[in-house]
$ cat start.cif   # mmCIF, C-alpha atoms and all ligand atoms
data_model
loop_
_atom_site.group_PDB
_atom_site.id
_atom_site.type_symbol
_atom_site.label_atom_id
_atom_site.label_comp_id
_atom_site.auth_asym_id
_atom_site.auth_seq_id
_atom_site.Cartn_x
_atom_site.Cartn_y
_atom_site.Cartn_z
ATOM 1 C CA MET L 144 43.610 53.233 45.162
ATOM 2 C CA ALA L 145 46.382 54.466 47.429
ATOM 3 C CA ARG L 146 45.766 57.309 49.830
ATOM 4 C CA ALA L 147 48.880 56.684 51.889
ATOM 5 C CA LEU L 148 52.491 56.534 50.801
ATOM 6 C CA TYR L 149 55.407 54.931 52.640
ATOM 7 C CA ILE L 150 59.010 55.883 51.835
ATOM 8 C CA HIS L 151 61.837 53.838 53.385
ATOM 9 C CA TRP L 152 65.282 55.219 54.234
ATOM 10 C CA PRO L 153 67.371 52.215 55.282
ATOM 11 C CA PHE L 154 70.388 53.886 56.918
ATOM 12 C CA CYS L 155 71.325 54.476 60.549
ATOM 13 C CA LEU L 156 74.336 55.841 62.381
ATOM 14 C CA ALA L 157 74.603 52.587 64.370
ATOM 15 C CA LYS L 158 72.757 49.285 64.487
ATOM 16 C CA CYS L 159 70.788 48.875 67.731
ATOM 17 C CA PRO L 160 71.221 45.333 69.077
ATOM 18 C CA TYR L 161 67.463 44.619 69.236
ATOM 19 C CA CYS L 162 66.678 45.887 65.715
ATOM 20 C CA ASP L 163 65.441 43.596 62.963
ATOM 21 C CA PHE L 164 64.344 46.400 60.641
ATOM 22 C CA ASN L 165 65.765 46.876 57.162
ATOM 23 C CA SER L 166 68.461 49.252 58.413
ATOM 24 C CA HIS L 167 72.145 49.452 57.625
ATOM 25 C CA VAL L 168 75.221 51.409 58.683
ATOM 26 C CA ARG L 169 77.328 52.848 55.891
ATOM 27 C CA ASP L 170 80.370 55.144 55.860
ATOM 28 C CA SER L 171 78.750 57.147 53.085
ATOM 29 C CA VAL L 172 75.472 57.158 51.185
ATOM 30 C CA ASP L 173 75.137 58.119 47.519
ATOM 31 C CA HIS L 174 72.260 60.575 47.942
ATOM 32 C CA ALA L 175 72.009 61.339 44.221
ATOM 33 C CA ALA L 176 71.618 57.654 43.373
ATOM 34 C CA TRP L 177 69.004 57.230 46.096
ATOM 35 C CA GLU L 178 67.096 60.259 44.859
ATOM 36 C CA THR L 179 67.003 58.835 41.336
ATOM 37 C CA ALA L 180 65.883 55.424 42.597
ATOM 38 C CA LEU L 181 63.231 56.752 44.990
ATOM 39 C CA LEU L 182 61.783 59.073 42.340
ATOM 40 C CA ALA L 183 61.604 56.180 39.872
ATOM 41 C CA ASP L 184 59.867 54.070 42.514
ATOM 42 C CA LEU L 185 57.327 56.838 43.237
ATOM 43 C CA ARG L 186 56.472 57.110 39.551
ATOM 44 C CA HIS L 187 56.071 53.343 39.274
ATOM 45 C CA GLU L 188 53.844 53.213 42.367
ATOM 46 C CA ALA L 189 51.714 56.055 41.018
ATOM 47 C CA GLU L 190 51.121 54.085 37.822
ATOM 48 C CA LEU L 191 49.993 51.098 39.888
ATOM 49 C CA ALA L 192 47.974 52.992 42.468
ATOM 50 C CA GLY L 193 47.260 56.529 41.357
ATOM 51 C CA GLY L 194 44.007 58.368 41.041
ATOM 52 C CA GLU L 195 43.314 59.572 44.574
ATOM 53 C CA GLN L 196 44.898 62.322 46.590
ATOM 54 C CA LEU L 197 47.234 61.280 49.390
ATOM 55 C CA ASP L 198 46.194 62.011 52.953
ATOM 56 C CA SER L 199 49.238 60.418 54.606
ATOM 57 C CA ILE L 200 52.930 60.085 53.842
ATOM 58 C CA PHE L 201 55.290 58.265 56.218
ATOM 59 C CA PHE L 202 59.083 58.291 55.982
ATOM 60 C CA GLY L 203 60.278 55.219 57.906
ATOM 61 C CA GLY L 204 63.570 53.450 58.336
ATOM 62 C CA GLY L 205 66.254 53.174 59.219
ATOM 63 C CA THR L 206 66.617 56.758 60.288
ATOM 64 C CA PRO L 207 64.968 59.123 57.824
ATOM 65 C CA SER L 208 65.772 62.109 60.033
ATOM 66 C CA LEU L 209 69.282 61.666 58.597
ATOM 67 C CA MET L 210 67.977 62.316 55.070
ATOM 68 C CA PRO L 211 69.090 65.557 53.449
ATOM 69 C CA PRO L 212 66.088 67.928 53.729
ATOM 70 C CA ALA L 213 66.495 68.820 50.042
ATOM 71 C CA LEU L 214 65.928 65.165 49.159
ATOM 72 C CA VAL L 215 62.827 65.020 51.347
ATOM 73 C CA ALA L 216 61.529 68.169 49.640
ATOM 74 C CA ARG L 217 62.194 66.686 46.200
ATOM 75 C CA LEU L 218 60.302 63.489 47.030
ATOM 76 C CA LEU L 219 57.360 65.393 48.507
ATOM 77 C CA ASN L 220 57.191 67.652 45.484
ATOM 78 C CA GLU L 221 57.118 64.627 43.187
ATOM 79 C CA ALA L 222 54.460 62.874 45.289
ATOM 80 C CA GLU L 223 52.281 65.975 45.170
ATOM 81 C CA GLN L 224 52.592 66.152 41.399
ATOM 82 C CA LEU L 225 51.843 62.436 40.973
ATOM 83 C CA TRP L 226 48.948 62.026 43.417
ATOM 84 C CA GLY L 227 48.014 65.447 44.753
ATOM 85 C CA PHE L 228 47.722 66.177 48.468
ATOM 86 C CA ALA L 229 44.404 66.043 50.307
ATOM 87 C CA PRO L 230 43.678 68.987 52.627
ATOM 88 C CA GLY L 231 45.265 68.394 56.031
ATOM 89 C CA ILE L 232 47.654 65.719 54.760
ATOM 90 C CA GLU L 233 49.809 64.218 57.513
ATOM 91 C CA ILE L 234 53.485 63.931 56.557
ATOM 92 C CA THR L 235 55.434 61.997 59.186
ATOM 93 C CA LEU L 236 59.140 61.370 59.438
ATOM 94 C CA GLU L 237 60.667 58.876 61.861
ATOM 95 C CA GLY L 238 63.787 59.859 63.670
ATOM 96 C CA ASN L 239 66.076 59.375 66.570
ATOM 97 C CA PRO L 240 66.088 62.073 69.229
ATOM 98 C CA SER L 241 69.758 62.999 68.989
ATOM 99 C CA SER L 242 71.084 66.531 68.886
ATOM 100 C CA VAL L 243 72.629 65.883 65.448
ATOM 101 C CA GLU L 244 69.269 65.016 63.973
ATOM 102 C CA ALA L 245 67.346 67.673 65.902
ATOM 103 C CA ALA L 246 69.522 70.214 64.100
ATOM 104 C CA ASN L 247 67.829 69.033 60.893
ATOM 105 C CA TYR L 248 64.227 69.367 62.132
ATOM 106 C CA THR L 249 63.695 72.963 61.026
ATOM 107 C CA ASP L 250 64.844 72.230 57.489
ATOM 108 C CA LEU L 251 62.754 69.043 57.372
ATOM 109 C CA ALA L 252 59.695 71.027 58.424
ATOM 110 C CA ALA L 253 60.462 73.577 55.705
ATOM 111 C CA ALA L 254 60.604 70.659 53.262
ATOM 112 C CA GLY L 255 56.993 69.799 54.160
ATOM 113 C CA VAL L 256 57.185 67.363 57.072
ATOM 114 C CA ASN L 257 54.520 68.203 59.666
ATOM 115 C CA ARG L 258 54.807 65.302 62.107
ATOM 116 C CA ALA L 259 57.725 63.502 63.764
ATOM 117 C CA SER L 260 57.756 60.031 65.277
ATOM 118 C CA LEU L 261 60.772 59.893 67.587
ATOM 119 C CA GLY L 262 62.303 56.686 68.960
ATOM 120 C CA LEU L 263 62.952 57.921 72.469
ATOM 121 C CA GLN L 264 62.522 54.352 73.858
ATOM 122 C CA ALA L 265 63.404 55.183 77.493
ATOM 123 C CA LEU L 266 64.121 58.054 79.874
ATOM 124 C CA ASP L 267 66.835 56.234 81.792
ATOM 125 C CA ASP L 268 70.457 56.515 80.647
ATOM 126 C CA GLN L 269 71.426 52.998 81.729
ATOM 127 C CA THR L 270 68.504 51.512 79.806
ATOM 128 C CA LEU L 271 69.317 53.629 76.751
ATOM 129 C CA ARG L 272 72.929 52.379 76.836
ATOM 130 C CA PHE L 273 71.681 48.794 77.157
ATOM 131 C CA LEU L 274 69.484 49.352 74.083
ATOM 132 C CA GLY L 275 72.489 50.678 72.164
ATOM 133 C CA ARG L 276 70.967 54.114 71.704
ATOM 134 C CA LEU L 277 73.316 56.946 70.784
ATOM 135 C CA HIS L 278 71.461 59.589 72.814
ATOM 136 C CA ASP L 279 70.929 59.972 76.555
ATOM 137 C CA ALA L 280 67.671 60.894 78.269
ATOM 138 C CA SER L 281 68.440 64.587 78.487
ATOM 139 C CA GLU L 282 69.377 64.833 74.804
ATOM 140 C CA GLY L 283 66.253 62.886 73.898
ATOM 141 C CA LEU L 284 63.983 65.211 75.852
ATOM 142 C CA LYS L 285 65.588 68.255 74.237
ATOM 143 C CA ALA L 286 65.007 66.743 70.807
ATOM 144 C CA VAL L 287 61.339 66.096 71.670
ATOM 145 C CA GLU L 288 60.977 69.729 72.741
ATOM 146 C CA THR L 289 62.587 70.893 69.493
ATOM 147 C CA ALA L 290 60.275 68.646 67.478
ATOM 148 C CA GLN L 291 57.202 69.948 69.307
ATOM 149 C CA ASN L 292 58.254 73.497 68.488
ATOM 150 C CA VAL L 293 59.076 72.798 64.854
ATOM 151 C CA PHE L 294 56.510 70.275 63.595
ATOM 152 C CA ASP L 295 52.762 70.821 63.721
ATOM 153 C CA ARG L 296 52.201 67.355 65.194
ATOM 154 C CA SER L 297 54.672 65.064 66.981
ATOM 155 C CA ARG L 298 54.676 61.926 69.070
ATOM 156 C CA SER L 299 57.397 59.987 70.893
ATOM 157 C CA THR L 300 57.574 56.179 71.312
HETATM 158 S S1 LIG J 401 67.856 53.528 64.979
HETATM 159 FE FE1 LIG J 401 65.943 52.352 64.664
HETATM 160 S S2 LIG J 401 66.120 51.451 62.617
HETATM 161 FE FE2 LIG J 401 68.179 52.157 63.224
HETATM 162 S S3 LIG J 401 69.163 50.344 64.106
HETATM 163 FE FE3 LIG J 401 68.223 51.471 65.814
HETATM 164 S S4 LIG J 401 66.143 50.629 66.044
HETATM 165 FE FE4 LIG J 401 66.950 49.940 64.041
#
$ encode --input "start.cif" --output "structure tokens"
Amino acid sequence: MARALYIHWPFCLAKCPYCDFNSHVRDSVDHAAWETALLADLRHEAELAGGEQLDSIFFGGGTPSLMPPALVARLLNEAEQLWGFAPGIEITLEGNPSSVEAANYTDLAAAGVNRASLGLQALDDQTLRFLGRLHDASEGLKAVETAQNVFDRSRST
């Protein structure tokens, strides 16, 4: 039975030209509707694959660091009730290292996230522009530093 849970958040601020992930740019996102749908999906998955405590949860995307922290907290609370959390569970959230998103890190950590996976991609501004990234190298490094201070475990890619 499942010991790992993946939650997908398919929205980004911009579409990077190299990206073939399930990610979309929208002017607005109906967070309440997404909360209802994601909670229903969690309950369905727990019926199919319940019975063991989770030792890993991964929020991927898209850009889940854009998720409202209250929504992340709600999903984690539901997952804990449905499966239970194993001691030392790793709860990772993918994000882009922009200052806008870094401002959310503290609240995401308070919601239960303990690990960030940041798409830094490069430390060269020209390369980052070529890749269509919205952050520059300096902003990216600051976001990594913030993540290292806020989350128990972090890595950059
Ligand atoms: S931020 Fe990530 S998921 Fe979003 S478009 Fe860029 S590469 Fe794709």
$ resolve_selection --input "start.cif" --expression "the PyMOL selection byres (((chain L and resi 264) around 10) and not hetatm)" --output "MDAnalysis selection string"
chainID L and resid 239:240 261:263 265:267 270:271 274 276 280 283 299:300
$ closest_residue --input "start.cif" --among "L:Gly231, L:Gly238, L:Pro153, L:Gly205" --to "ligand LIG 401 (chain J)" --atoms "only C-alpha atoms and all ligand atoms"
L:Gly205
$ resolve_selection --input "start.cif" --expression "the PyMOL selection byres (((not hetatm)) within 9 of (chain J and resi 401))" --output "NGL selection string"
:L and (153-168 or 203-206 or 237-239 or 262 or 274-277)
$ write_last_selection --input "start.cif" --atoms "C-alpha atoms" --output "compact mmCIF listing (two decimals), keeping the file's coordinate frame"
# COMPACT_ATOMS: atom_id res chain seq x y z
CA PRO L 153 67.37 52.22 55.28
CA PHE L 154 70.39 53.89 56.92
CA CYS L 155 71.32 54.48 60.55
CA LEU L 156 74.34 55.84 62.38
CA ALA L 157 74.60 52.59 64.37
CA LYS L 158 72.76 49.28 64.49
CA CYS L 159 70.79 48.88 67.73
CA PRO L 160 71.22 45.33 69.08
CA TYR L 161 67.46 44.62 69.24
CA CYS L 162 66.68 45.89 65.72
CA ASP L 163 65.44 43.60 62.96
CA PHE L 164 64.34 46.40 60.64
CA ASN L 165 65.76 46.88 57.16
CA SER L 166 68.46 49.25 58.41
CA HIS L 167 72.14 49.45 57.62
CA VAL L 168 75.22 51.41 58.68
CA GLY L 203 60.28 55.22 57.91
CA GLY L 204 63.57 53.45 58.34
CA GLY L 205 66.25 53.17 59.22
CA THR L 206 66.62 56.76 60.29
CA GLU L 237 60.67 58.88 61.86
CA GLY L 238 63.79 59.86 63.67
CA ASN L 239 66.08 59.38 66.57
CA GLY L 262 62.30 56.69 68.96
CA LEU L 274 69.48 49.35 74.08
CA GLY L 275 72.49 50.68 72.16
CA ARG L 276 70.97 54.11 71.70
CA LEU L 277 73.32 56.95 70.78
$ closest_residue --input "start.cif" --among "L:Trp177, L:Ser242, L:Val172, L:Val256" --to "L:Asn220" --atoms "only C-alpha atoms"
L:Val256
$ resolve_selection --input "start.cif" --expression "the PyMOL selection byres (((chain L and resi 178-184) around 10) and not hetatm)" --output "PyMOL selection string"
chain L and resi 150-152+173-177+185-190+214-215+217-219+221-222
$ atom_distance --input "start.cif" --atom1 "atom CA of L:Ala253" --atom2 "atom CA of L:Val293"
9.3 Å
$ closest_residue --input "start.cif" --among "L:Glu244, L:Glu288, L:Glu195, L:Asp250" --to "L:Ala229" --atoms "all atoms listed in the file"
L:Glu195
$ closest_residue --input "start.cif" --among "L:Ser260, L:Val243, L:Ile200, L:Thr289" --to "L:Gly227" --atoms "only C-alpha atoms"
L:Ile200
$ decode --input "start.cif" --residues "stretch 227-286 of chain L" --atoms "C-alpha atoms" --output "short mmCIF file (atom, residue, chain, number, x, y, z; two decimals), in the first residue's frame"
data_model
loop_
_atom_site.label_atom_id
_atom_site.label_comp_id
_atom_site.auth_asym_id
_atom_site.auth_seq_id
_atom_site.Cartn_x
_atom_site.Cartn_y
_atom_site.Cartn_z
CA GLY L 227 -1.25 8.89 9.38
CA PHE L 228 2.30 10.23 9.24
CA ALA L 229 5.32 8.04 9.92
CA PRO L 230 7.95 9.51 12.26
CA GLY L 231 10.35 11.73 10.30
CA ILE L 232 8.01 12.11 7.33
CA GLU L 233 9.51 14.17 4.51
CA ILE L 234 7.11 16.78 3.11
CA THR L 235 8.55 18.44 0.01
CA LEU L 236 7.22 21.33 -2.00
CA GLU L 237 8.60 22.33 -5.39
CA GLY L 238 9.04 25.97 -6.12
CA ASN L 239 10.70 28.64 -8.11
CA PRO L 240 13.31 30.74 -6.35
CA SER L 241 11.66 34.12 -6.83
CA SER L 242 11.29 36.74 -4.14
CA VAL L 243 7.48 36.58 -4.46
CA GLU L 244 7.46 32.90 -3.62
CA ALA L 245 10.20 33.12 -1.00
CA ALA L 246 7.86 35.44 0.90
CA ASN L 247 5.55 32.42 1.26
CA TYR L 248 8.18 29.99 2.60
CA THR L 249 7.67 30.76 6.29
CA ASP L 250 3.93 30.19 6.06
CA LEU L 251 4.44 27.01 4.02
CA ALA L 252 6.80 25.70 6.68
CA ALA L 253 4.20 26.53 9.34
CA ALA L 254 1.71 24.54 7.27
CA GLY L 255 3.94 21.46 7.63
CA VAL L 256 6.32 21.54 4.67
CA ASN L 257 9.84 20.57 5.79
CA ARG L 258 11.72 20.36 2.49
CA ALA L 259 11.89 22.56 -0.61
CA SER L 260 12.99 21.57 -4.10
CA LEU L 261 13.84 24.81 -5.91
CA GLY L 262 14.22 25.13 -9.69
CA LEU L 263 17.23 27.41 -9.68
CA GLN L 264 18.40 25.95 -13.05
CA ALA L 265 21.40 28.28 -13.52
CA LEU L 266 23.49 30.95 -11.80
CA ASP L 267 23.98 33.06 -14.91
CA ASP L 268 21.48 35.80 -15.74
CA GLN L 269 21.80 35.43 -19.51
CA THR L 270 21.14 31.69 -19.28
CA LEU L 271 18.18 32.27 -16.94
CA ARG L 272 16.69 34.75 -19.43
CA PHE L 273 17.22 32.24 -22.25
CA LEU L 274 15.37 29.62 -20.19
CA GLY L 275 12.49 32.05 -19.66
CA ARG L 276 12.96 32.14 -15.90
CA LEU L 277 11.37 35.03 -14.02
CA HIS L 278 14.18 35.33 -11.45
CA ASP L 279 17.83 36.33 -11.82
CA ALA L 280 20.79 34.60 -10.20
CA SER L 281 20.95 36.94 -7.23
CA GLU L 282 17.24 36.58 -6.47
CA GLY L 283 17.55 32.82 -6.82
CA LEU L 284 20.43 32.61 -4.37
CA LYS L 285 18.54 34.74 -1.85
CA ALA L 286 15.55 32.43 -2.15
#
